[in-house]
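S.K.: Before I ask anything, here is the structure I am working with.
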Amino acid sequence: MRRLKPSELQAAKDCSFTMSDSVYQLNRSIPELGQSGKLASRRDEFTWHISNVQTWISAALTDENACLDMFNDPSMDGKIKDSVRARVFVASQVTSNALALVYQFAEKHS
């Protein structure tokens, strides 16, 4: 097995950090979404909670996209870059779908 180049190692570390933040943002949105569902009849409170959820999921998506960008360097090993990017891309697709569902939920209850 080949050792990672310093740029690959740094990208992996940075990506790991941003993906951890993405998970944190997604985890904090779950109970907030639950609160918004309970408060759908109280517009101001609903809007507050659903806005938080949208913000946090958007932040998670931004983190995931930042991770993808970290592996754009053409000097990086193709196998490593492709492997990481494929996994992060799937996560970003799921996050994007979640954000779309939250927007639909918010629109339905507005």
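Going by the structure tokens order, chains are called A, B, ..., each with residues numbered from 1, while ligands are numbered from 1 in the order shown.
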Given only C-alpha atoms, how would the per-residue table for stretch 33-74 of chain A near stretch 82-89 of chain A read, listing every residue at most 8 Å away with its closest atom pair and distance in Å to one decimal, sorted by chain and number, as CSV?
M.R.:
```
residue,atom,partner,partner_atom,distance
A:Glu64,CA,A:Val88,CA,6.5
A:Cys67,CA,A:Val88,CA,7.4
A:Leu68,CA,A:Arg85,CA,5.7
A:Phe71,CA,A:Arg85,CA,7.2
```
S.K.: Pull N, CA, C and O atoms from the residues just selected and write them as a PDB file, in the first residue's frame.
M.R.:
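Written out: out31.pdb:
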```pdb
ATOM      1  N   GLU A  64     -20.114  19.331   3.080  1.00  0.00           N
ATOM      2  CA  GLU A  64     -19.882  18.200   2.180  1.00  0.00           C
ATOM      3  C   GLU A  64     -19.290  18.668   0.848  1.00  0.00           C
ATOM      4  O   GLU A  64     -18.365  18.050   0.317  1.00  0.00           O
ATOM      5  N   CYS A  67     -15.704  19.494   1.283  1.00  0.00           N
ATOM      6  CA  CYS A  67     -14.898  18.271   1.304  1.00  0.00           C
ATOM      7  C   CYS A  67     -14.625  17.797  -0.127  1.00  0.00           C
ATOM      8  O   CYS A  67     -13.501  17.425  -0.455  1.00  0.00           O
ATOM      9  N   LEU A  68     -15.634  17.827  -0.965  1.00  0.00           N
ATOM     10  CA  LEU A  68     -15.433  17.437  -2.365  1.00  0.00           C
ATOM     11  C   LEU A  68     -14.384  18.324  -3.032  1.00  0.00           C
ATOM     12  O   LEU A  68     -13.528  17.838  -3.770  1.00  0.00           O
ATOM     13  N   PHE A  71     -10.543  17.666  -2.796  1.00  0.00           N
ATOM     14  CA  PHE A  71      -9.937  16.604  -3.596  1.00  0.00           C
ATOM     15  C   PHE A  71      -9.946  16.939  -5.091  1.00  0.00           C
ATOM     16  O   PHE A  71      -9.920  16.056  -5.932  1.00  0.00           O
TER      17      PHE A  71
END
```
S.K.: Just the residues within 8 Å of A:Glu32, please, counting only C-alpha atoms, with nothing from its chain fewer than 6 positions along; format it as a PyMOL selection string.
M.R.: chain A and resi 49-50+52-53
S.K.: When distances are computed from only C-alpha atoms, which of A:Ser58, A:Ser110, A:Asn72, A:Asn65 shows the smallest separation from A:Ser92?
M.R.: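 That would be A:Asn65, the residue with the smallest distance to A:Ser92.
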S.K.: Output as CSV one row per residue of stretch 53-80 of chain A within 7 Å of stretch 95-109 of chain A: the closest atom pair and its distance in Å to one decimal place, counting only C-alpha atoms, sorted by chain and residue number ascending.
M.R.:
```
residue,atom,partner,partner_atom,distance
A:Gln54,CA,A:Leu99,CA,6.6
A:Ile57,CA,A:Leu99,CA,6.1
A:Leu61,CA,A:Thr95,CA,6.2
```
S.K.: With all heavy atoms kept, could you save the residues just selected as a compact mmCIF listing (two decimals), in the first residue's frame?
M.R.:
```txt
# COMPACT_ATOMS: atom_id res chain seq x y z
N GLN A 54 -33.52 24.25 8.20
CA GLN A 54 -33.05 24.57 6.85
C GLN A 54 -31.61 25.11 6.88
O GLN A 54 -30.79 24.73 6.06
CB GLN A 54 -33.99 25.58 6.20
CG GLN A 54 -35.35 24.98 5.87
CD GLN A 54 -36.39 26.03 5.52
OE1 GLN A 54 -36.32 27.18 5.95
NE2 GLN A 54 -37.36 25.62 4.72
N ILE A 57 -29.15 22.11 7.82
CA ILE A 57 -28.98 21.15 6.73
C ILE A 57 -28.20 21.80 5.59
O ILE A 57 -27.34 21.17 4.97
CB ILE A 57 -30.33 20.57 6.25
CG1 ILE A 57 -30.96 19.74 7.37
CG2 ILE A 57 -30.13 19.71 5.01
CD1 ILE A 57 -32.34 19.20 7.04
N LEU A 61 -24.63 20.58 3.98
CA LEU A 61 -24.39 20.43 2.54
C LEU A 61 -23.18 21.25 2.11
O LEU A 61 -22.36 20.79 1.29
CB LEU A 61 -25.63 20.86 1.76
CG LEU A 61 -25.68 20.54 0.28
CD1 LEU A 61 -25.46 19.06 0.01
CD2 LEU A 61 -27.01 20.99 -0.30
```
S.K.: I'd like to know which of A:Asp21, A:Glu8, A:Glu45, A:Asp14 is closest to A:Ala59, using only C-alpha atoms.
M.R.: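 Nearest candidate to A:Ala59 out of A:Asp21, A:Glu8, A:Glu45, A:Asp14: A:Asp21.
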S.K.: Interatomic distance between atom CA of A:Ser22 and atom CA of A:Arg43?
M.R.: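 Result for atom CA of A:Ser22 versus atom CA of A:Arg43: 28.0 Å, one decimal.
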S.K.: Measuring atom to atom with only C-alpha atoms, identify which of A:Pro31, A:Ser36, A:Phe46, A:Ile80 is nearest to A:Leu9.
M.R.: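 With only C-alpha atoms as the atom set, the closest residue is A:Ile80.
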S.K.: Any idea what the distance is between atom CA of A:Leu33 and atom CA of A:Cys15?
M.R.: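 Result for atom CA of A:Leu33 versus atom CA of A:Cys15: 26.6 Å, one decimal.
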S.K.: Find the residues around A:Ala66 up to 8 Å (only C-alpha atoms counted), leave out those fewer than 4 positions away in its own chain, and share them as number ranges by chain.
M.R.: A: 15, 18, 62, 70
S.K.: When you draw a straight line from atom CA of A:Tyr24 to atom CA of A:Asp63, how long is it in Å?
M.R.: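 Here the two named atoms are 10.7 Å from each other.
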S.K.: Measuring atom to atom with only C-alpha atoms, identify which of A:Ser29, A:Leu4, A:Lys38, A:Gln10 is nearest to A:Ala60.
M.R.: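 Checking each of A:Ser29, A:Leu4, A:Lys38, A:Gln10 against A:Ala60, counting only C-alpha atoms, the winner is A:Ser29.
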S.K.: Identify, with DSSP run on backbone atoms, the residues in stretch 23-90 of chain A assigned to helix (DSSP H, G or I), and express the list as a ChimeraX atom specification.
M.R.: /A:23-38,43-70,78-90
S.K.: Those same residues, written as a PDB file, in the first residue's frame with C-alpha atoms?
M.R.:
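Writing the result to selection.pdb gives the following:
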```
ATOM      1  CA  VAL A  23     -22.877  15.181  10.871  1.00  0.00           C
ATOM      2  CA  TYR A  24     -23.152  17.580  13.820  1.00  0.00           C
ATOM      3  CA  GLN A  25     -25.362  19.942  11.798  1.00  0.00           C
ATOM      4  CA  LEU A  26     -27.587  17.089  10.647  1.00  0.00           C
ATOM      5  CA  ASN A  27     -27.867  15.644  14.151  1.00  0.00           C
ATOM      6  CA  ARG A  28     -28.922  18.945  15.640  1.00  0.00           C
ATOM      7  CA  SER A  29     -31.586  19.396  12.962  1.00  0.00           C
ATOM      8  CA  ILE A  30     -33.415  16.171  13.885  1.00  0.00           C
ATOM      9  CA  PRO A  31     -34.911  17.261  17.224  1.00  0.00           C
ATOM     10  CA  GLU A  32     -35.522  20.734  15.811  1.00  0.00           C
ATOM     11  CA  LEU A  33     -37.538  19.222  12.980  1.00  0.00           C
ATOM     12  CA  GLY A  34     -39.522  17.290  15.588  1.00  0.00           C
ATOM     13  CA  GLN A  35     -40.287  20.558  17.352  1.00  0.00           C
ATOM     14  CA  SER A  36     -41.462  22.183  14.146  1.00  0.00           C
ATOM     15  CA  GLY A  37     -43.828  19.277  13.495  1.00  0.00           C
ATOM     16  CA  LYS A  38     -45.417  19.736  16.915  1.00  0.00           C
ATOM     17  CA  ARG A  43     -46.858  29.865  12.703  1.00  0.00           C
ATOM     18  CA  ASP A  44     -44.163  31.995  14.384  1.00  0.00           C
ATOM     19  CA  GLU A  45     -42.695  29.125  16.392  1.00  0.00           C
ATOM     20  CA  PHE A  46     -42.981  26.754  13.444  1.00  0.00           C
ATOM     21  CA  THR A  47     -41.139  29.219  11.218  1.00  0.00           C
ATOM     22  CA  TRP A  48     -38.370  29.642  13.788  1.00  0.00           C
ATOM     23  CA  HIS A  49     -37.744  25.902  14.155  1.00  0.00           C
ATOM     24  CA  ILE A  50     -38.037  25.069  10.468  1.00  0.00           C
ATOM     25  CA  SER A  51     -35.683  27.939   9.606  1.00  0.00           C
ATOM     26  CA  ASN A  52     -33.113  26.463  11.993  1.00  0.00           C
ATOM     27  CA  VAL A  53     -33.471  23.063  10.321  1.00  0.00           C
ATOM     28  CA  GLN A  54     -33.052  24.570   6.855  1.00  0.00           C
ATOM     29  CA  THR A  55     -29.998  26.528   7.971  1.00  0.00           C
ATOM     30  CA  TRP A  56     -28.319  23.549   9.606  1.00  0.00           C
ATOM     31  CA  ILE A  57     -28.980  21.154   6.727  1.00  0.00           C
ATOM     32  CA  SER A  58     -27.696  23.790   4.310  1.00  0.00           C
ATOM     33  CA  ALA A  59     -24.562  24.119   6.443  1.00  0.00           C
ATOM     34  CA  ALA A  60     -24.108  20.347   6.318  1.00  0.00           C
ATOM     35  CA  LEU A  61     -24.392  20.433   2.538  1.00  0.00           C
ATOM     36  CA  THR A  62     -21.852  23.258   2.379  1.00  0.00           C
ATOM     37  CA  ASP A  63     -19.445  21.183   4.480  1.00  0.00           C
ATOM     38  CA  GLU A  64     -19.882  18.200   2.180  1.00  0.00           C
ATOM     39  CA  ASN A  65     -19.275  20.309  -0.917  1.00  0.00           C
ATOM     40  CA  ALA A  66     -16.183  21.797   0.725  1.00  0.00           C
ATOM     41  CA  CYS A  67     -14.898  18.271   1.304  1.00  0.00           C
ATOM     42  CA  LEU A  68     -15.433  17.437  -2.365  1.00  0.00           C
ATOM     43  CA  ASP A  69     -13.496  20.563  -3.335  1.00  0.00           C
ATOM     44  CA  MET A  70     -10.538  19.478  -1.201  1.00  0.00           C
ATOM     45  CA  GLY A  78      -6.849   9.140  -8.735  1.00  0.00           C
ATOM     46  CA  LYS A  79      -7.905   6.095  -6.707  1.00  0.00           C
ATOM     47  CA  ILE A  80      -7.865   7.925  -3.389  1.00  0.00           C
ATOM     48  CA  LYS A  81      -9.531  11.008  -4.806  1.00  0.00           C
ATOM     49  CA  ASP A  82     -12.219   8.989  -6.585  1.00  0.00           C
ATOM     50  CA  SER A  83     -12.902   6.839  -3.520  1.00  0.00           C
ATOM     51  CA  VAL A  84     -13.357   9.769  -1.157  1.00  0.00           C
ATOM     52  CA  ARG A  85     -15.292  11.863  -3.646  1.00  0.00           C
ATOM     53  CA  ALA A  86     -17.681   8.998  -4.431  1.00  0.00           C
ATOM     54  CA  ARG A  87     -18.569   8.500  -0.775  1.00  0.00           C
ATOM     55  CA  VAL A  88     -18.941  12.196  -0.021  1.00  0.00           C
ATOM     56  CA  PHE A  89     -20.964  12.691  -3.193  1.00  0.00           C
ATOM     57  CA  VAL A  90     -23.495  10.099  -2.033  1.00  0.00           C
TER      58      VAL A  90
END
```
